[in-house]
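Okay, coords_18.txt is below, compact mmCIF, C-alpha atoms and all ligand atoms:
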```txt
# COMPACT_ATOMS: atom_id res chain seq x y z
CA MET A 1 -30.16 45.36 -21.70
CA ARG A 2 -27.92 48.40 -21.26
CA ILE A 3 -25.43 49.05 -24.07
CA ALA A 4 -22.09 50.84 -23.54
CA LEU A 5 -20.36 52.29 -26.59
CA VAL A 6 -16.62 52.67 -26.04
CA ARG A 7 -13.56 53.24 -28.21
CA ASP A 8 -9.97 52.22 -27.58
CA VAL A 9 -7.37 54.79 -26.57
CA SER A 10 -5.74 56.46 -29.59
CA PRO A 11 -1.95 56.19 -29.90
CA ALA A 12 -2.05 59.99 -30.39
CA LEU A 13 -3.62 60.61 -26.94
CA GLU A 14 -0.73 62.77 -25.77
CA ARG A 15 -1.69 65.32 -28.47
CA CYS A 16 -5.14 65.68 -26.87
CA GLU A 17 -7.02 68.94 -26.45
CA LEU A 18 -6.39 70.61 -23.09
CA SER A 19 -8.32 73.65 -21.87
CA PHE A 20 -8.02 73.98 -18.09
CA GLN A 21 -5.13 71.60 -17.35
CA GLU A 22 -1.38 71.69 -18.03
CA ARG A 23 0.09 69.11 -20.38
CA VAL A 24 1.97 66.33 -18.59
CA PRO A 25 3.37 63.08 -20.03
CA ILE A 26 0.83 60.28 -20.53
CA ASP A 27 1.78 56.61 -20.24
CA LEU A 28 -0.03 55.14 -23.26
CA GLU A 29 0.27 51.50 -22.22
CA LEU A 30 -1.06 52.33 -18.76
CA ALA A 31 -3.88 54.34 -20.33
CA ARG A 32 -4.84 51.27 -22.39
CA ALA A 33 -4.70 48.94 -19.39
CA GLN A 34 -6.81 51.34 -17.31
CA HIS A 35 -9.33 51.70 -20.11
CA HIS A 36 -9.53 47.91 -20.35
CA SER A 37 -10.35 47.71 -16.62
CA TYR A 38 -12.95 50.45 -17.01
CA VAL A 39 -14.63 48.46 -19.79
CA GLU A 40 -14.52 45.31 -17.65
CA THR A 41 -16.18 47.21 -14.81
CA LEU A 42 -19.00 48.28 -17.12
CA THR A 43 -19.37 44.67 -18.24
CA SER A 44 -19.49 43.46 -14.64
CA LEU A 45 -22.33 45.93 -14.03
CA GLY A 46 -24.37 44.31 -16.80
CA CYS A 47 -23.52 46.52 -19.77
CA GLN A 48 -23.21 44.95 -23.19
CA VAL A 49 -20.10 46.66 -24.56
CA GLU A 50 -19.89 47.70 -28.23
CA VAL A 51 -16.41 48.77 -29.27
CA LEU A 52 -16.42 51.49 -31.94
CA PRO A 53 -13.80 51.34 -34.73
CA PRO A 54 -10.43 52.75 -33.65
CA LEU A 55 -9.53 56.29 -34.77
CA PRO A 56 -5.75 56.33 -34.41
CA GLU A 57 -5.39 59.82 -35.92
CA ASN A 58 -7.86 61.38 -33.47
CA PRO A 59 -6.12 62.03 -30.13
CA ASP A 60 -9.35 62.40 -28.09
CA ALA A 61 -11.34 59.59 -29.74
CA VAL A 62 -11.52 57.55 -26.50
CA PHE A 63 -13.85 60.24 -25.08
CA VAL A 64 -16.88 58.93 -26.98
CA GLU A 65 -19.39 60.61 -24.67
CA ASP A 66 -18.82 63.91 -26.42
CA THR A 67 -19.99 62.62 -29.81
CA ALA A 68 -23.63 61.74 -29.10
CA VAL A 69 -26.59 62.19 -26.78
CA VAL A 70 -28.72 59.03 -26.77
CA LEU A 71 -32.30 58.91 -25.49
CA ASP A 72 -34.94 56.19 -25.87
CA GLU A 73 -36.56 57.96 -28.81
CA LEU A 74 -33.53 59.15 -30.81
CA ALA A 75 -29.80 59.85 -30.80
CA VAL A 76 -28.46 63.35 -31.37
CA ILE A 77 -25.05 63.35 -33.05
CA THR A 78 -23.10 66.31 -31.75
CA ARG A 79 -20.85 68.88 -33.37
CA PRO A 80 -17.98 69.03 -30.86
CA GLY A 81 -16.76 72.44 -29.77
CA ALA A 82 -13.12 71.56 -30.51
CA GLU A 83 -12.51 71.45 -34.27
CA SER A 84 -9.94 68.68 -33.83
CA ARG A 85 -12.72 66.42 -32.55
CA ARG A 86 -15.28 66.81 -35.34
CA GLY A 87 -13.87 63.82 -37.24
CA GLU A 88 -14.95 61.51 -34.42
CA VAL A 89 -18.68 61.79 -34.90
CA ASP A 90 -19.21 59.88 -38.16
CA SER A 91 -18.17 56.53 -36.75
CA THR A 92 -20.37 57.03 -33.68
CA ALA A 93 -23.27 57.93 -35.98
CA ARG A 94 -22.78 54.76 -38.04
CA ALA A 95 -22.89 52.61 -34.90
CA LEU A 96 -25.89 54.41 -33.41
CA ALA A 97 -27.86 54.20 -36.67
CA ARG A 98 -28.32 50.51 -35.87
CA HIS A 99 -30.08 51.45 -32.62
CA ARG A 100 -31.80 54.81 -33.07
CA HIS A 101 -33.20 57.38 -35.46
CA LEU A 102 -30.49 60.08 -35.74
CA ALA A 103 -30.65 63.86 -35.49
CA TYR A 104 -27.68 66.20 -35.89
CA ILE A 105 -26.29 69.38 -34.36
CA GLU A 106 -25.21 71.63 -37.23
CA ALA A 107 -23.06 74.76 -37.65
CA PRO A 108 -22.97 77.27 -36.08
CA GLY A 109 -24.09 75.09 -33.19
CA THR A 110 -21.57 73.26 -31.04
CA LEU A 111 -22.36 70.68 -28.40
CA ASP A 112 -20.23 68.18 -26.45
CA GLY A 113 -21.97 65.23 -24.79
CA GLY A 114 -19.91 65.97 -21.68
CA ASP A 115 -22.11 69.03 -21.23
CA VAL A 116 -25.35 67.04 -21.16
CA LEU A 117 -26.58 65.82 -17.79
CA ARG A 118 -29.83 63.93 -18.15
CA VAL A 119 -32.03 63.52 -15.12
CA GLY A 120 -35.38 61.95 -15.95
CA ARG A 121 -37.05 64.00 -18.70
CA THR A 122 -34.82 67.02 -18.07
CA LEU A 123 -31.51 67.59 -19.81
CA TYR A 124 -29.26 70.11 -18.09
CA VAL A 125 -26.83 71.38 -20.73
CA GLY A 126 -23.65 73.28 -19.92
CA LEU A 127 -23.05 76.58 -21.62
CA SER A 128 -19.32 76.04 -21.65
CA ALA A 129 -16.06 76.35 -23.50
CA ARG A 130 -17.44 73.70 -25.89
CA SER A 131 -21.24 74.01 -26.13
CA ASN A 132 -22.84 77.22 -27.39
CA HIS A 133 -26.34 78.75 -27.41
CA ALA A 134 -27.01 77.60 -30.97
CA GLY A 135 -26.09 74.00 -30.15
CA ILE A 136 -28.30 74.01 -27.07
CA GLU A 137 -31.21 75.51 -29.07
CA GLN A 138 -30.88 72.79 -31.72
CA LEU A 139 -30.85 70.11 -29.04
CA ARG A 140 -33.99 71.66 -27.52
CA ALA A 141 -35.74 71.64 -30.90
CA HIS A 142 -34.84 67.97 -31.51
CA LEU A 143 -36.08 66.87 -28.09
CA LYS A 144 -39.18 69.01 -27.54
CA PRO A 145 -41.47 66.76 -29.64
CA HIS A 146 -40.47 63.88 -27.38
CA GLY A 147 -41.38 65.71 -24.18
CA TYR A 148 -37.91 66.53 -22.86
CA GLU A 149 -37.04 69.83 -21.26
CA VAL A 150 -33.62 71.34 -22.00
CA VAL A 151 -32.24 73.67 -19.32
CA SER A 152 -29.03 75.56 -20.08
CA VAL A 153 -26.60 75.92 -17.18
CA GLN A 154 -23.61 78.28 -17.03
CA VAL A 155 -20.32 76.45 -16.35
CA ARG A 156 -17.16 78.26 -15.29
CA GLY A 157 -13.58 77.19 -14.62
CA CYS A 158 -13.83 73.65 -16.01
CA LEU A 159 -14.34 71.92 -19.35
CA HIS A 160 -17.88 70.52 -19.24
CA LEU A 161 -21.01 70.55 -17.09
CA LYS A 162 -20.32 66.94 -16.11
CA THR A 163 -16.84 67.92 -14.88
CA ALA A 164 -18.78 69.96 -12.32
CA ALA A 165 -21.84 67.81 -11.54
CA THR A 166 -23.17 64.29 -12.17
CA GLN A 167 -26.08 62.27 -10.86
CA VAL A 168 -25.13 59.76 -8.17
CA GLY A 169 -28.53 58.73 -6.85
CA MET A 170 -31.49 57.09 -8.56
CA LEU A 171 -34.70 59.02 -8.80
CA LYS A 172 -37.60 58.00 -6.60
CA SER A 173 -40.15 56.67 -9.07
CA ALA A 174 -42.99 59.04 -8.15
CA ALA A 175 -40.73 62.02 -8.71
CA ALA A 176 -38.82 60.62 -11.67
CA GLU A 177 -40.21 63.09 -14.16
CA VAL A 178 -39.63 66.19 -12.10
CA ALA A 179 -36.96 65.86 -9.41
CA PRO A 180 -33.24 66.04 -10.18
CA GLY A 181 -32.35 63.43 -7.58
CA LEU A 182 -28.95 63.30 -5.86
CA LEU A 183 -26.10 65.18 -7.56
CA LEU A 184 -22.37 65.10 -6.83
CA ILE A 185 -21.22 68.67 -7.37
CA ASN A 186 -18.31 71.10 -7.27
CA PRO A 187 -20.17 74.31 -6.37
CA GLU A 188 -17.18 76.42 -7.48
CA TRP A 189 -17.84 75.46 -11.12
CA VAL A 190 -21.64 75.39 -11.33
CA ASP A 191 -24.33 76.96 -9.15
CA LYS A 192 -26.50 74.60 -7.16
CA SER A 193 -29.47 76.86 -7.88
CA ALA A 194 -29.42 75.57 -11.48
CA PHE A 195 -30.80 72.23 -10.25
CA GLN A 196 -34.02 73.04 -8.46
CA GLY A 197 -35.24 70.34 -6.10
CA ALA A 198 -31.98 68.35 -6.15
CA ASP A 199 -30.11 66.95 -3.19
CA PHE A 200 -26.34 67.40 -3.25
CA ILE A 201 -23.11 65.80 -2.13
CA GLU A 202 -20.25 68.27 -2.52
CA VAL A 203 -16.79 67.16 -3.60
CA ASP A 204 -14.05 67.45 -1.00
CA PRO A 205 -12.51 70.92 -1.56
CA ALA A 206 -9.07 69.30 -2.03
CA GLU A 207 -10.47 67.30 -4.99
CA PRO A 208 -12.02 69.78 -7.45
CA PHE A 209 -12.21 67.24 -10.30
CA ALA A 210 -14.10 64.69 -8.18
CA ALA A 211 -17.66 65.42 -9.36
CA ASN A 212 -17.58 63.12 -12.41
CA ALA A 213 -19.07 59.66 -11.76
CA VAL A 214 -20.91 57.11 -13.93
CA LEU A 215 -24.20 55.87 -12.48
CA VAL A 216 -25.08 52.35 -13.69
CA GLY A 217 -28.18 50.73 -12.26
CA GLY A 218 -27.90 52.55 -8.93
CA GLU A 219 -24.15 51.91 -8.45
CA LEU A 220 -21.22 54.16 -9.30
CA VAL A 221 -18.11 53.75 -11.41
CA TYR A 222 -15.76 56.19 -9.74
CA PRO A 223 -12.10 57.29 -10.13
CA ALA A 224 -9.41 56.12 -7.70
CA SER A 225 -7.95 59.64 -7.69
CA PHE A 226 -10.54 61.07 -5.29
CA PRO A 227 -10.55 59.07 -2.03
CA ARG A 228 -11.89 61.88 0.15
CA THR A 229 -14.94 62.44 -2.01
CA ARG A 230 -15.37 58.68 -2.36
CA ALA A 231 -15.63 58.47 1.43
CA ARG A 232 -18.47 61.01 1.28
CA LEU A 233 -20.28 58.90 -1.31
CA GLU A 234 -19.85 55.71 0.69
CA GLN A 235 -21.03 57.44 3.85
CA ALA A 236 -24.20 58.28 1.95
CA GLY A 237 -24.71 54.56 1.33
CA ILE A 238 -23.72 54.59 -2.34
CA LYS A 239 -22.02 51.48 -3.73
CA VAL A 240 -18.80 52.55 -5.48
CA HIS A 241 -16.71 50.58 -8.01
CA VAL A 242 -13.28 52.18 -8.15
CA VAL A 243 -11.36 52.48 -11.43
CA ASP A 244 -7.90 53.97 -11.84
CA MET A 245 -8.09 56.45 -14.73
CA SER A 246 -4.96 58.50 -13.99
CA GLU A 247 -3.85 58.65 -17.62
CA THR A 248 -7.10 59.78 -19.27
CA GLU A 249 -7.47 62.28 -16.40
CA LYS A 250 -4.24 63.87 -17.70
CA ALA A 251 -6.13 64.36 -20.98
CA GLU A 252 -8.88 66.23 -19.09
CA GLY A 253 -11.26 63.28 -19.32
CA GLY A 254 -13.41 61.86 -16.55
CA VAL A 255 -15.15 58.49 -16.21
CA THR A 256 -18.35 59.52 -17.98
CA CYS A 257 -16.38 60.61 -21.06
CA CYS A 258 -15.23 57.11 -21.96
CA SER A 259 -18.68 55.62 -22.70
CA VAL A 260 -22.13 56.31 -24.10
CA LEU A 261 -24.72 54.31 -22.14
CA PHE A 262 -28.26 53.58 -23.34
CA GLN A 263 -30.99 50.96 -23.28
CA ASP A 264 -31.12 48.43 -26.10
CA GLN A 265 -34.61 48.79 -27.52
CA ALA A 266 -34.60 45.48 -29.34
CA ALA A 267 -34.38 43.75 -25.98
CA GLY A 268 -37.24 45.91 -24.73
C1 LIG B 301 -11.07 67.35 -24.82
O1 LIG B 301 -10.56 68.38 -24.40
O2 LIG B 301 -11.98 67.36 -25.64
C2 LIG B 301 -10.52 66.04 -24.29
N1 LIG B 301 -9.13 66.17 -24.05
C3 LIG B 301 -11.23 65.62 -23.02
C4 LIG B 301 -12.70 65.37 -23.23
C5 LIG B 301 -13.37 64.89 -22.00
N2 LIG B 301 -14.72 64.56 -22.25
C6 LIG B 301 -15.69 64.66 -21.36
O3 LIG B 301 -15.46 65.15 -20.27
N3 LIG B 301 -16.89 64.28 -21.72
```
Please render this file's structure as structure tokens.
Amino acid sequence: MRIALVRDVSPALERCELSFQERVPIDLELARAQHHSYVETLTSLGCQVEVLPPLPENPDAVFVEDTAVVLDELAVITRPGAESRRGEVDSTARALARHRHLAYIEAPGTLDGGDVLRVGRTLYVGLSARSNHAGIEQLRAHLKPHGYEVVSVQVRGCLHLKTAATQVGMLKSAAAEVAPGLLLINPEWVDKSAFQGADFIEVDPAEPFAANAVLVGGELVYPASFPRTRARLEQAGIKVHVVDMSETEKAEGGVTCCSVLFQDQAAG
């Protein structure tokens, strides 16, 4: 069973952090309705959804991805790069403690889950506006005993590594431990050479924010905002489930940001 942690949209969303985007008005009711559809899409793809307690005072609390990195063996609770977001992690930690042994990123380290792209036993981690060398080193130390490799990747011009690249194709089983698989990428924001052995689909140049997709069991949850890139994905034979996320996109969030996905161990 695959679990999806999510959290409802905060009423303070319009006071969100913004780094590379201009502030524009956000329709809160629409944001809530869109988030509801997103959660329904995850449910339709077989995820068991766990809703974290609301954090009405935390504008960016809907972007739960940034608060934890969950692997089979443990969960690493992050220390988000934006100070305004550090209050989000405790409630994620309490929920994850029911599923995993916990490890923590500590000062001076910073790490946002949006910078962590896991492909097999490799975690590509964005060196970004939010995640620093110390945070990446701590993640490496937590994961090394479990046989994971952590590869830091320079990100430029966008918020997180997963704004610039996400996995859109399953790994072939024989290569699962070594090959990065098929990545959707904006090569302006991250160099392809960081992902040795990967295949790539590039975003349409008119859609720079189009590289963020959620891969669930071989199918994609993908934003309605990027039809040209979606056509490229569908041409490659990828099954795409479209969600309209216009309002959280105004808060600089993509589709991966709104959930933390992991396997329920109790169910084996
Ligand atoms: C922030 O700047 O932290 C939020 N406004 C957006 C976070 C998006 N999270 C993600 O891409 N994983």
Around ligand LIG 301 (chain B), which protein and nucleic acid residues have at least one atom no more than 9 Å from it, if we count only C-alpha atoms and all ligand atoms? List them as a ChimeraX atom specification.
/A:13,15-20,59-67,80-82,84-85,112-116,130,159-163,212,248-259
Generate the output file for the selected residues, C-alpha atoms, as an mmCIF file, in the frame of the given file.
```cif
data_model
loop_
_atom_site.group_PDB
_atom_site.id
_atom_site.type_symbol
_atom_site.label_atom_id
_atom_site.label_comp_id
_atom_site.auth_asym_id
_atom_site.auth_seq_id
_atom_site.Cartn_x
_atom_site.Cartn_y
_atom_site.Cartn_z
ATOM 1 C CA LEU A 13 -3.620 60.610 -26.940
ATOM 2 C CA ARG A 15 -1.690 65.320 -28.470
ATOM 3 C CA CYS A 16 -5.140 65.680 -26.870
ATOM 4 C CA GLU A 17 -7.020 68.940 -26.450
ATOM 5 C CA LEU A 18 -6.390 70.610 -23.090
ATOM 6 C CA SER A 19 -8.320 73.650 -21.870
ATOM 7 C CA PHE A 20 -8.020 73.980 -18.090
ATOM 8 C CA PRO A 59 -6.120 62.030 -30.130
ATOM 9 C CA ASP A 60 -9.350 62.400 -28.090
ATOM 10 C CA ALA A 61 -11.340 59.590 -29.740
ATOM 11 C CA VAL A 62 -11.520 57.550 -26.500
ATOM 12 C CA PHE A 63 -13.850 60.240 -25.080
ATOM 13 C CA VAL A 64 -16.880 58.930 -26.980
ATOM 14 C CA GLU A 65 -19.390 60.610 -24.670
ATOM 15 C CA ASP A 66 -18.820 63.910 -26.420
ATOM 16 C CA THR A 67 -19.990 62.620 -29.810
ATOM 17 C CA PRO A 80 -17.980 69.030 -30.860
ATOM 18 C CA GLY A 81 -16.760 72.440 -29.770
ATOM 19 C CA ALA A 82 -13.120 71.560 -30.510
ATOM 20 C CA SER A 84 -9.940 68.680 -33.830
ATOM 21 C CA ARG A 85 -12.720 66.420 -32.550
ATOM 22 C CA ASP A 112 -20.230 68.180 -26.450
ATOM 23 C CA GLY A 113 -21.970 65.230 -24.790
ATOM 24 C CA GLY A 114 -19.910 65.970 -21.680
ATOM 25 C CA ASP A 115 -22.110 69.030 -21.230
ATOM 26 C CA VAL A 116 -25.350 67.040 -21.160
ATOM 27 C CA ARG A 130 -17.440 73.700 -25.890
ATOM 28 C CA LEU A 159 -14.340 71.920 -19.350
ATOM 29 C CA HIS A 160 -17.880 70.520 -19.240
ATOM 30 C CA LEU A 161 -21.010 70.550 -17.090
ATOM 31 C CA LYS A 162 -20.320 66.940 -16.110
ATOM 32 C CA THR A 163 -16.840 67.920 -14.880
ATOM 33 C CA ASN A 212 -17.580 63.120 -12.410
ATOM 34 C CA THR A 248 -7.100 59.780 -19.270
ATOM 35 C CA GLU A 249 -7.470 62.280 -16.400
ATOM 36 C CA LYS A 250 -4.240 63.870 -17.700
ATOM 37 C CA ALA A 251 -6.130 64.360 -20.980
ATOM 38 C CA GLU A 252 -8.880 66.230 -19.090
ATOM 39 C CA GLY A 253 -11.260 63.280 -19.320
ATOM 40 C CA GLY A 254 -13.410 61.860 -16.550
ATOM 41 C CA VAL A 255 -15.150 58.490 -16.210
ATOM 42 C CA THR A 256 -18.350 59.520 -17.980
ATOM 43 C CA CYS A 257 -16.380 60.610 -21.060
ATOM 44 C CA CYS A 258 -15.230 57.110 -21.960
ATOM 45 C CA SER A 259 -18.680 55.620 -22.700
#
```
Taken to one decimal, the CA of Ala164 in chain A-CA of Pro187 in chain A distance is 7.5 Å
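From CA of Val89 in chain A back to CA of Ile185 in chain A, the distance works out to 28.5 Å.
If you measure from each of A:Gly126, A:Tyr148, A:Arg118, A:Glu106 to Arg86 in chain A using all atoms listed in the file, the closest one turns out to be A:Glu106.
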Smallest atom-to-atom distance to Ser128 in chain A: which of A:Arg156, A:Lys192, A:Arg79, A:His99, using all atoms listed in the file?
A:Arg156
Near-Glu207 in chain A list (12 Å; all atoms listed in the file; drop same-chain fewer than 4 positions) as a compact mmCIF listing (two decimals) with C-alpha atoms, in the frame of the given file:
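That gives us result.txt:
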```txt
# COMPACT_ATOMS: atom_id res chain seq x y z
CA THR A 163 -16.84 67.92 -14.88
CA ALA A 164 -18.78 69.96 -12.32
CA ILE A 185 -21.22 68.67 -7.37
CA ASN A 186 -18.31 71.10 -7.27
CA GLU A 188 -17.18 76.42 -7.48
CA GLU A 202 -20.25 68.27 -2.52
CA VAL A 203 -16.79 67.16 -3.60
CA ALA A 211 -17.66 65.42 -9.36
CA ASN A 212 -17.58 63.12 -12.41
CA PRO A 223 -12.10 57.29 -10.13
CA ALA A 224 -9.41 56.12 -7.70
CA SER A 225 -7.95 59.64 -7.69
CA PHE A 226 -10.54 61.07 -5.29
CA PRO A 227 -10.55 59.07 -2.03
CA ARG A 228 -11.89 61.88 0.15
CA THR A 229 -14.94 62.44 -2.01
CA ARG A 230 -15.37 58.68 -2.36
CA ARG A 232 -18.47 61.01 1.28
```
Between CA of Tyr222 in chain A and CA of Asp27 in chain A, what is the spacing in Å?
20.4 Å
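When all atoms listed in the file are used to compute distances to Ser193 in chain A, the closest of the residues A:Thr78, A:Thr110, A:Gln154, A:Gln265 turns out to be A:Gln154.
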Residues within 12 Å of Leu143 in chain A, please, as a ChimeraX atom specification. Count all atoms listed in the file; anything in the same chain fewer than 6 positions from it doesn't count.
/A:69-76,102-105,121-123,136-137,149-151
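For range 54-57 of chain A, the list of residues within 8 Å, based on all atoms listed in the file and with local chain neighbours fewer than 3 positions off taken out, reads Arg7, Asp8, Val9, Ser10, Pro11, Ala12, Ala61 and Glu88 of chain A.
You can rank A:His35, A:Ile3, A:Leu220, A:Ile201 by their closest distance to Ala95 in chain A using only C-alpha atoms, and at the top of that list sits A:Ile3.
Distance annotation: of A:Ala107, A:Ala68, A:Leu5, A:Val155, the residue with the minimal separation from Val39 in chain A is A:Leu5; atom set is only C-alpha atoms.
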With 3 Å of padding per side, what axis-aligned box (centre and edge lengths, Å, one decimal) covers all the listed atoms of range 248-267 of chain A? Give it as lines of an AutoDock Vina configuration file.
```
center_x = -19.4
center_y = 55.0
center_z = -22.8
size_x = 36.4
size_y = 28.5
size_z = 19.1
```
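Closest approach to Glu50 in chain A among A:Ser37, A:Gln21, A:Thr92, A:Gln138: A:Thr92, based on only C-alpha atoms.
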